[in-house]
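*Asks:* Just dropping this structure here.
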There are 2 protein chains.
Amino acid sequence: MSDLTGPLPSGAVIGVLGGGQLGRMLALGAAPLGLRTHIFCQSDAEPAAQVTSLVTVAPFDDLEAVAAFAQACDVITTEFENVPVSTLQAAAAHCPVAPGPMALQVAQDRLTEKTFIANLGVPVAPFASIDSAEDLVAAAERLGLPGILKTRRLGYDGKGQVRLGAGLDVSGAADAIDELAGAPAIFERFVDFDHEISAIVVRDRSGAVVAYDPPRNDHRSGILHTSTVPSQTPGRRADQAIQHATTIATALDYVGVLAVEFFVVDGAALVVNEIAPRVHNSGHWTTDACNVSQFENHMRAVAGWPLGATDRHSDAKMTNLIGDEIDGIAVWAQRNDVAIHDYGKAEARPGRKMGHVTELAPRA
Amino acid sequence: MSDLTGPLPSGAVIGVLGGGQLGRMLALGAAPLGLRTHIFCQSDAEPAAQVTSLVTVAPFDDLEAVAAFAQACDVITTEFENVPVSTLQAAAAHCPVAPGPMALQVAQDRLTEKTFIANLGVPVAPFASIDSAEDLVAAAERLGLPGILKTRRLGYDGKGQVRLGAGLDVSGAADAIDELAGAPAIFERFVDFDHEISAIVVRDRSGAVVAYDPPRNDHRSGILHTSTVPSQTPGRRADQAIQHATTIATALDYVGVLAVEFFVVDGAALVVNEIAPRVHNSGHWTTDACNVSQFENHMRAVAGWPLGATDRHSDAKMTNLIGDEIDGIAVWAQRNDVAIHDYGKAEARPGRKMGHVTELAPRA
């Protein structure tokens, strides 16, 4: 399918594959532009399906439904990186897709992703492909421990991962491989970092890139807990993060928001942790603290519009509300310096991202 | 129907009578709170019907449809003041309604409105009830000219109005009465004002009131053209406007956003122009320049939530895009200091509000 020939006009339809909170916030970001959002999801109770009148409920492997969806859209994007490539291809036969299948293919496989990034000269943690316990023992000896074994595909927020301490033997390696149920894996040596930041860049169809102020990200139990701007990371390192992310986005001929997580290592280079070819949890504060949010900017890029200003009018700290932490939202809502974001999920399962809040302050 | 007993939880449904751009922005304001919006409108192409999955398409006088709609909602509000009172009453039989029917009844009749406000000790322009050319001649003699003859009910943005210059005679009065096709009318003496400001206040169910910084409003052809904050109006007069609006909201036992337009007269008291029992065009800049917009705050009040902060983080100038001015949106979208709002209306008829833009600057 050929690409867009110009900016989409008022009333045009952007299809979103996926119905979670990112799709919800993308739809809310597109509405002020006069652009409609068509959500492709698994249930009409999903967060994104609540905020638009255009919804298709079907499995991702129902390629007839995907084709009909694509025919009803002017352009299609994704709200999570694990949309099956066959689904994307079925959509792309009828309608431009942004970001393109290549970016998702790279991001869907941690080995492909690390190799791609390293080949661009952007530092990543030492890594090795793992298919057996022997591979793992050899990689641990060569690259050092502690480290982490991850499935090459799927898994997020700490799922599909095994941490490996010092003193790994063949038996321990076999246990770790078993834990991943034989899935192809990657070993990454642990990076002794001071903290994590992320670069959230937006690239349009002409190749122009804008970036948000990189936040500092802190995790709890393997799940993002807070993102804070300003990050206190020295400005030259934040600039370096944006440059690396721009290099990656350009190499992927990327269109939309690309997030790149970096380990900040004292006295050494930044190291890429991972990339996300989509709007990102660490950029949620942009809705409340910037002129144009990551969500609107993603939709602008996808729709062929000029990118919006990433300027930050306020300092911000975003806190995720996980599981029954959402019950505290009434208390957060009483605070004058807090913006509320409840994703409208019916069931507060443990570990589930239910909402977030942004604490705001005038720029220091 | 009894009132809410506490704040509505995530997933609760706020019904909105009316499907225009105000309903659209109310739905977009409710979504971050995890609250769903059910739009009652005349066509599924209306702006508000595009941004939620819950839509009822029916005429306002289909009271069975109104009852079914009300039974599907947890609370109901309105996006325009001319919802028929019979519609509101049919809804109120099944579901709390906020603001209540009294506020709309007052605002639906200019004579009732002026009388109500004057009785609170809040200044209004000299006015008289007009049922005939003789009434009009007498009122013009008693109150003075120039002035304006308006229908008591309906009419907005300059429609249903006749301007009356000096030297009105019986023949001219008869022509003016004819122009209103015999509708009951009100004569208002023209106020020689310097400029107009509006107070946008929000009152919650406990009687607490918060207010936005009153903008200066400038009109073109009887339609709001720009709203600007800060207004350059002296602070004590802005405070007076907020006090008057609070007096009116309290007297109406009002819940939600109430807008009151004031004439600022050099060296004299503020004079109320009119009130709007709803979110208001002159408050659209709050979406882009405040922590919590008028739309979210209206929905917070209606849903029994605590009110959000009206603090302004940026200076702002809102400009309406009327008719084919919407075609300029691509140019506005190129500016880094501008937020875009396209209401998604298919047809750009002359005089129709199609969208608005907000120019933003750091607080001076």
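Quick note on naming: the chains in the structure tokens go A, B, ... in the order shown, residues restart at 1 in each chain, and ligands are numbered from 1 in order of appearance.
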Got a sec to pull out which chain A residues are within 6 Å of chain B, counting only C-alpha atoms, and send them as a VMD selection string?
*Replies:* chain A and resid 10 to 11 32 to 34 50 to 53 306 309 334 336 341 to 344
*Asks:* Could you take the residues named above and write them with all heavy atoms, as a tab-separated table (two decimals), in the first residue's frame?
*Replies:*
chain	number	residue	atom	x	y	z
A	10	SER	N	-9.56	16.61	8.56
A	10	SER	CA	-10.57	16.43	9.60
A	10	SER	C	-11.53	15.31	9.20
A	10	SER	O	-11.95	15.23	8.06
A	10	SER	CB	-11.34	17.74	9.77
A	10	SER	OG	-12.32	17.62	10.75
A	11	GLY	N	-11.83	14.44	10.16
A	11	GLY	CA	-12.75	13.35	9.90
A	11	GLY	C	-12.09	12.08	9.41
A	11	GLY	O	-12.73	11.02	9.35
A	32	PRO	N	-8.65	16.05	19.54
A	32	PRO	CA	-8.55	17.50	19.32
A	32	PRO	C	-8.09	17.88	17.92
A	32	PRO	O	-8.30	19.01	17.49
A	32	PRO	CB	-7.51	17.94	20.37
A	32	PRO	CG	-7.57	16.90	21.43
A	32	PRO	CD	-7.84	15.62	20.68
A	33	LEU	N	-7.49	16.95	17.20
A	33	LEU	CA	-7.05	17.22	15.83
A	33	LEU	C	-8.20	17.02	14.83
A	33	LEU	O	-8.01	17.22	13.63
A	33	LEU	CB	-5.88	16.31	15.46
A	33	LEU	CG	-4.68	16.36	16.42
A	33	LEU	CD1	-3.64	15.32	16.01
A	33	LEU	CD2	-4.07	17.75	16.46
A	34	GLY	N	-9.36	16.59	15.32
A	34	GLY	CA	-10.48	16.32	14.43
A	34	GLY	C	-10.33	14.97	13.73
A	34	GLY	O	-11.07	14.67	12.79
A	50	GLN	N	-13.73	2.33	24.78
A	50	GLN	CA	-14.72	3.15	25.47
A	50	GLN	C	-14.75	4.59	24.95
A	50	GLN	O	-15.70	5.31	25.21
A	50	GLN	CB	-14.42	3.18	26.98
A	50	GLN	CG	-14.47	1.81	27.64
A	50	GLN	CD	-13.99	1.83	29.09
A	50	GLN	OE1	-13.95	2.88	29.72
A	50	GLN	NE2	-13.62	0.68	29.61
A	51	VAL	N	-13.69	5.01	24.26
A	51	VAL	CA	-13.55	6.44	23.96
A	51	VAL	C	-13.62	6.74	22.46
A	51	VAL	O	-13.12	7.78	22.00
A	51	VAL	CB	-12.26	7.02	24.57
A	51	VAL	CG1	-12.33	6.94	26.10
A	51	VAL	CG2	-11.02	6.32	24.05
A	52	THR	N	-14.24	5.87	21.70
A	52	THR	CA	-14.50	6.14	20.29
A	52	THR	C	-15.72	5.33	19.87
A	52	THR	O	-16.04	4.30	20.48
A	52	THR	CB	-13.31	5.78	19.40
A	52	THR	OG1	-13.64	6.06	18.03
A	52	THR	CG2	-12.93	4.31	19.52
A	53	SER	N	-16.39	5.79	18.83
A	53	SER	CA	-17.56	5.06	18.35
A	53	SER	C	-17.18	4.02	17.29
A	53	SER	O	-18.03	3.26	16.86
A	53	SER	CB	-18.58	6.05	17.77
A	53	SER	OG	-18.00	6.78	16.72
A	306	PRO	N	2.40	18.08	10.74
A	306	PRO	CA	3.63	18.56	11.37
A	306	PRO	C	3.64	18.17	12.85
A	306	PRO	O	2.58	18.08	13.47
A	306	PRO	CB	3.55	20.08	11.20
A	306	PRO	CG	2.11	20.38	10.95
A	306	PRO	CD	1.51	19.17	10.30
A	309	ALA	N	4.81	20.88	19.56
A	309	ALA	CA	5.87	21.30	20.48
A	309	ALA	C	5.98	20.35	21.65
A	309	ALA	O	4.99	20.00	22.28
A	309	ALA	CB	5.57	22.71	20.99
A	334	GLN	N	-8.00	14.69	45.40
A	334	GLN	CA	-8.19	15.84	46.28
A	334	GLN	C	-7.03	16.82	46.22
A	334	GLN	O	-7.13	17.93	46.74
A	334	GLN	CB	-8.38	15.36	47.73
A	334	GLN	CG	-9.72	14.69	47.94
A	334	GLN	CD	-9.82	13.99	49.28
A	334	GLN	OE1	-8.99	14.20	50.15
A	334	GLN	NE2	-10.84	13.17	49.44
A	336	ASN	N	-4.47	19.45	44.66
A	336	ASN	CA	-4.54	20.49	43.64
A	336	ASN	C	-3.43	20.40	42.60
A	336	ASN	O	-3.53	21.02	41.55
A	336	ASN	CB	-4.46	21.86	44.32
A	336	ASN	CG	-5.83	22.50	44.41
A	336	ASN	OD1	-6.75	22.06	43.73
A	336	ASN	ND2	-5.95	23.52	45.23
A	341	HIS	N	-5.43	9.95	35.96
A	341	HIS	CA	-5.65	9.15	34.75
A	341	HIS	C	-6.06	7.73	35.14
A	341	HIS	O	-5.22	6.93	35.56
A	341	HIS	CB	-4.38	9.13	33.88
A	341	HIS	CG	-3.98	10.49	33.42
A	341	HIS	ND1	-4.46	11.05	32.26
A	341	HIS	CD2	-3.20	11.43	34.01
A	341	HIS	CE1	-3.98	12.28	32.14
A	341	HIS	NE2	-3.20	12.54	33.18
A	342	ASP	N	-7.34	7.45	35.01
A	342	ASP	CA	-7.90	6.13	35.31
A	342	ASP	C	-8.26	5.50	33.97
A	342	ASP	O	-8.97	6.10	33.18
A	342	ASP	CB	-9.14	6.32	36.20
A	342	ASP	CG	-9.79	5.01	36.60
A	342	ASP	OD1	-9.87	4.09	35.76
A	342	ASP	OD2	-10.24	4.90	37.75
A	343	TYR	N	-7.73	4.29	33.72
A	343	TYR	CA	-7.86	3.71	32.38
A	343	TYR	C	-9.22	3.03	32.15
A	343	TYR	O	-9.45	2.48	31.07
A	343	TYR	CB	-6.73	2.72	32.11
A	343	TYR	CG	-5.35	3.28	32.32
A	343	TYR	CD1	-4.31	2.46	32.77
A	343	TYR	CD2	-5.07	4.63	32.08
A	343	TYR	CE1	-3.03	2.97	32.96
A	343	TYR	CE2	-3.80	5.14	32.29
A	343	TYR	CZ	-2.78	4.31	32.73
A	343	TYR	OH	-1.53	4.81	32.93
A	344	GLY	N	-10.07	3.02	33.19
A	344	GLY	CA	-11.41	2.45	33.00
A	344	GLY	C	-11.42	0.93	32.92
A	344	GLY	O	-12.31	0.34	32.32
*Asks:* So that I can see what lies close to Glu81 of chain A, please list as an NGL selection string the residues with an atom at most 10 Å from it, counting only C-alpha atoms and leaving out residues fewer than 3 positions away in the same chain.
*Replies:* :A and (17-18 or 78 or 84-85 or 101 or 103-108 or 154 or 275-278)
*Asks:* Quote the spacing between atom CA of Ala348 of chain A and atom CA of Thr286 of chain A in Å to one decimal place.
*Replies:* 24.9 Å
*Asks:* Restricting the calculation to only C-alpha atoms: of B:Ala185, B:Leu22, B:Leu180, B:Val210, which residue gets closest to Ser282 of chain B?
*Replies:*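 Result for the nearest residue to Ser282 of chain B: B:Leu22.
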*Asks:* Apply DSSP to the structure's backbone, then extract all residues of segment 251-288 of chain A labelled alpha helix (DSSP H) and return them as a compact mmCIF listing (two decimals) with N, CA, C and O atoms, in the first residue's frame.
*Replies:*
# COMPACT_ATOMS: atom_id res chain seq x y z
N ALA A 251 17.44 5.05 11.47
CA ALA A 251 17.84 3.79 10.85
C ALA A 251 16.63 2.91 10.56
O ALA A 251 16.63 2.12 9.61
N THR A 286 3.76 13.68 29.74
CA THR A 286 3.71 14.72 28.70
C THR A 286 2.29 15.25 28.48
O THR A 286 2.11 16.38 28.06
N THR A 287 1.28 14.43 28.78
CA THR A 287 -0.11 14.89 28.65
C THR A 287 -0.37 16.09 29.55
O THR A 287 -1.10 17.01 29.17
N ASP A 288 0.24 16.08 30.72
CA ASP A 288 -0.07 17.10 31.72
C ASP A 288 0.96 18.23 31.78
O ASP A 288 0.66 19.29 32.30
*Asks:* Taking the DSSP secondary structure from the backbone, can you list the residues of segment 20-175 of chain B that are strand (DSSP E), as number ranges by chain?
*Replies:* B: 36-41, 54-57, 75-78, 127-130, 147-151, 161-164
*Asks:* If you keep N, CA, C and O atoms, can you produce a file of those selected residues as an mmCIF file, in the first residue's frame?
*Replies:*
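out-v6.cif was written with the following content:
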data_model
loop_
_atom_site.group_PDB
_atom_site.id
_atom_site.type_symbol
_atom_site.label_atom_id
_atom_site.label_comp_id
_atom_site.auth_asym_id
_atom_site.auth_seq_id
_atom_site.Cartn_x
_atom_site.Cartn_y
_atom_site.Cartn_z
ATOM 1 N N ARG B 36 -17.254 7.130 32.058
ATOM 2 C CA ARG B 36 -17.739 7.003 30.688
ATOM 3 C C ARG B 36 -18.793 8.067 30.417
ATOM 4 O O ARG B 36 -19.446 8.563 31.333
ATOM 5 N N THR B 37 -18.937 8.406 29.153
ATOM 6 C CA THR B 37 -19.910 9.412 28.754
ATOM 7 C C THR B 37 -20.902 8.794 27.772
ATOM 8 O O THR B 37 -20.504 8.097 26.833
ATOM 9 N N HIS B 38 -22.184 9.033 28.015
ATOM 10 C CA HIS B 38 -23.251 8.564 27.115
ATOM 11 C C HIS B 38 -23.888 9.805 26.500
ATOM 12 O O HIS B 38 -24.432 10.645 27.212
ATOM 13 N N ILE B 39 -23.777 9.911 25.178
ATOM 14 C CA ILE B 39 -24.242 11.113 24.479
ATOM 15 C C ILE B 39 -25.653 10.886 23.922
ATOM 16 O O ILE B 39 -25.906 9.903 23.231
ATOM 17 N N PHE B 40 -26.546 11.822 24.236
ATOM 18 C CA PHE B 40 -27.899 11.821 23.670
ATOM 19 C C PHE B 40 -27.930 12.922 22.618
ATOM 20 O O PHE B 40 -27.790 14.109 22.943
ATOM 21 N N CYS B 41 -28.096 12.536 21.352
ATOM 22 C CA CYS B 41 -27.973 13.534 20.285
ATOM 23 C C CYS B 41 -28.859 13.179 19.103
ATOM 24 O O CYS B 41 -29.609 12.196 19.150
ATOM 25 N N LEU B 54 -20.863 5.036 23.790
ATOM 26 C CA LEU B 54 -22.232 5.050 24.310
ATOM 27 C C LEU B 54 -22.987 6.235 23.716
ATOM 28 O O LEU B 54 -22.763 7.382 24.116
ATOM 29 N N VAL B 55 -23.870 5.953 22.770
ATOM 30 C CA VAL B 55 -24.567 7.020 22.048
ATOM 31 C C VAL B 55 -26.039 6.630 21.884
ATOM 32 O O VAL B 55 -26.338 5.495 21.517
ATOM 33 N N THR B 56 -26.938 7.543 22.193
ATOM 34 C CA THR B 56 -28.360 7.384 21.868
ATOM 35 C C THR B 56 -28.728 8.469 20.863
ATOM 36 O O THR B 56 -28.503 9.650 21.128
ATOM 37 N N VAL B 57 -29.262 8.059 19.710
ATOM 38 C CA VAL B 57 -29.710 9.016 18.705
ATOM 39 C C VAL B 57 -31.236 9.064 18.735
ATOM 40 O O VAL B 57 -31.902 8.064 18.433
ATOM 41 N N VAL B 75 -25.645 9.644 36.220
ATOM 42 C CA VAL B 75 -25.978 11.046 36.434
ATOM 43 C C VAL B 75 -26.068 11.669 35.045
ATOM 44 O O VAL B 75 -25.475 11.146 34.092
ATOM 45 N N ILE B 76 -26.810 12.751 34.919
ATOM 46 C CA ILE B 76 -26.993 13.382 33.609
ATOM 47 C C ILE B 76 -26.664 14.862 33.696
ATOM 48 O O ILE B 76 -26.967 15.523 34.694
ATOM 49 N N THR B 77 -26.012 15.372 32.645
ATOM 50 C CA THR B 77 -25.771 16.804 32.543
ATOM 51 C C THR B 77 -26.143 17.265 31.131
ATOM 52 O O THR B 77 -26.593 16.460 30.319
ATOM 53 N N THR B 78 -25.953 18.539 30.868
ATOM 54 C CA THR B 78 -26.372 19.113 29.591
ATOM 55 C C THR B 78 -25.219 19.910 29.005
ATOM 56 O O THR B 78 -24.376 20.441 29.739
ATOM 57 N N PHE B 127 -33.400 46.902 31.664
ATOM 58 C CA PHE B 127 -34.156 46.040 30.751
ATOM 59 C C PHE B 127 -35.652 46.197 30.984
ATOM 60 O O PHE B 127 -36.082 46.715 32.018
ATOM 61 N N ALA B 128 -36.444 45.762 29.992
ATOM 62 C CA ALA B 128 -37.898 45.793 30.124
ATOM 63 C C ALA B 128 -38.494 44.658 29.303
ATOM 64 O O ALA B 128 -37.957 44.284 28.260
ATOM 65 N N SER B 129 -39.603 44.131 29.783
ATOM 66 C CA SER B 129 -40.347 43.094 29.066
ATOM 67 C C SER B 129 -41.119 43.738 27.920
ATOM 68 O O SER B 129 -41.728 44.797 28.093
ATOM 69 N N ILE B 130 -41.070 43.124 26.746
ATOM 70 C CA ILE B 130 -41.682 43.714 25.546
ATOM 71 C C ILE B 130 -42.628 42.705 24.892
ATOM 72 O O ILE B 130 -42.206 41.612 24.510
ATOM 73 N N GLY B 147 -30.216 50.587 22.052
ATOM 74 C CA GLY B 147 -30.489 49.383 22.822
ATOM 75 C C GLY B 147 -30.655 48.201 21.902
ATOM 76 O O GLY B 147 -30.370 48.280 20.694
ATOM 77 N N ILE B 148 -31.119 47.114 22.456
ATOM 78 C CA ILE B 148 -31.229 45.888 21.677
ATOM 79 C C ILE B 148 -32.498 45.159 22.082
ATOM 80 O O ILE B 148 -32.855 45.116 23.265
ATOM 81 N N LEU B 149 -33.196 44.675 21.090
ATOM 82 C CA LEU B 149 -34.397 43.881 21.319
ATOM 83 C C LEU B 149 -34.040 42.421 21.064
ATOM 84 O O LEU B 149 -33.519 42.084 19.993
ATOM 85 N N LYS B 150 -34.307 41.569 22.072
ATOM 86 C CA LYS B 150 -33.968 40.146 21.928
ATOM 87 C C LYS B 150 -35.196 39.308 22.232
ATOM 88 O O LYS B 150 -36.003 39.673 23.090
ATOM 89 N N THR B 151 -35.320 38.167 21.570
ATOM 90 C CA THR B 151 -36.341 37.206 21.998
ATOM 91 C C THR B 151 -36.030 36.782 23.427
ATOM 92 O O THR B 151 -34.864 36.717 23.836
ATOM 93 N N GLN B 161 -31.992 38.818 17.382
ATOM 94 C CA GLN B 161 -31.732 40.109 18.026
ATOM 95 C C GLN B 161 -31.889 41.240 16.998
ATOM 96 O O GLN B 161 -31.566 41.068 15.830
ATOM 97 N N VAL B 162 -32.376 42.379 17.449
ATOM 98 C CA VAL B 162 -32.468 43.571 16.598
ATOM 99 C C VAL B 162 -31.835 44.745 17.338
ATOM 100 O O VAL B 162 -32.210 45.043 18.479
ATOM 101 N N ARG B 163 -30.866 45.372 16.715
ATOM 102 C CA ARG B 163 -30.243 46.551 17.324
ATOM 103 C C ARG B 163 -31.097 47.782 17.039
ATOM 104 O O ARG B 163 -31.585 47.953 15.923
ATOM 105 N N LEU B 164 -31.243 48.633 18.007
ATOM 106 C CA LEU B 164 -32.092 49.819 17.882
ATOM 107 C C LEU B 164 -31.266 51.067 18.158
ATOM 108 O O LEU B 164 -30.747 51.237 19.273
#
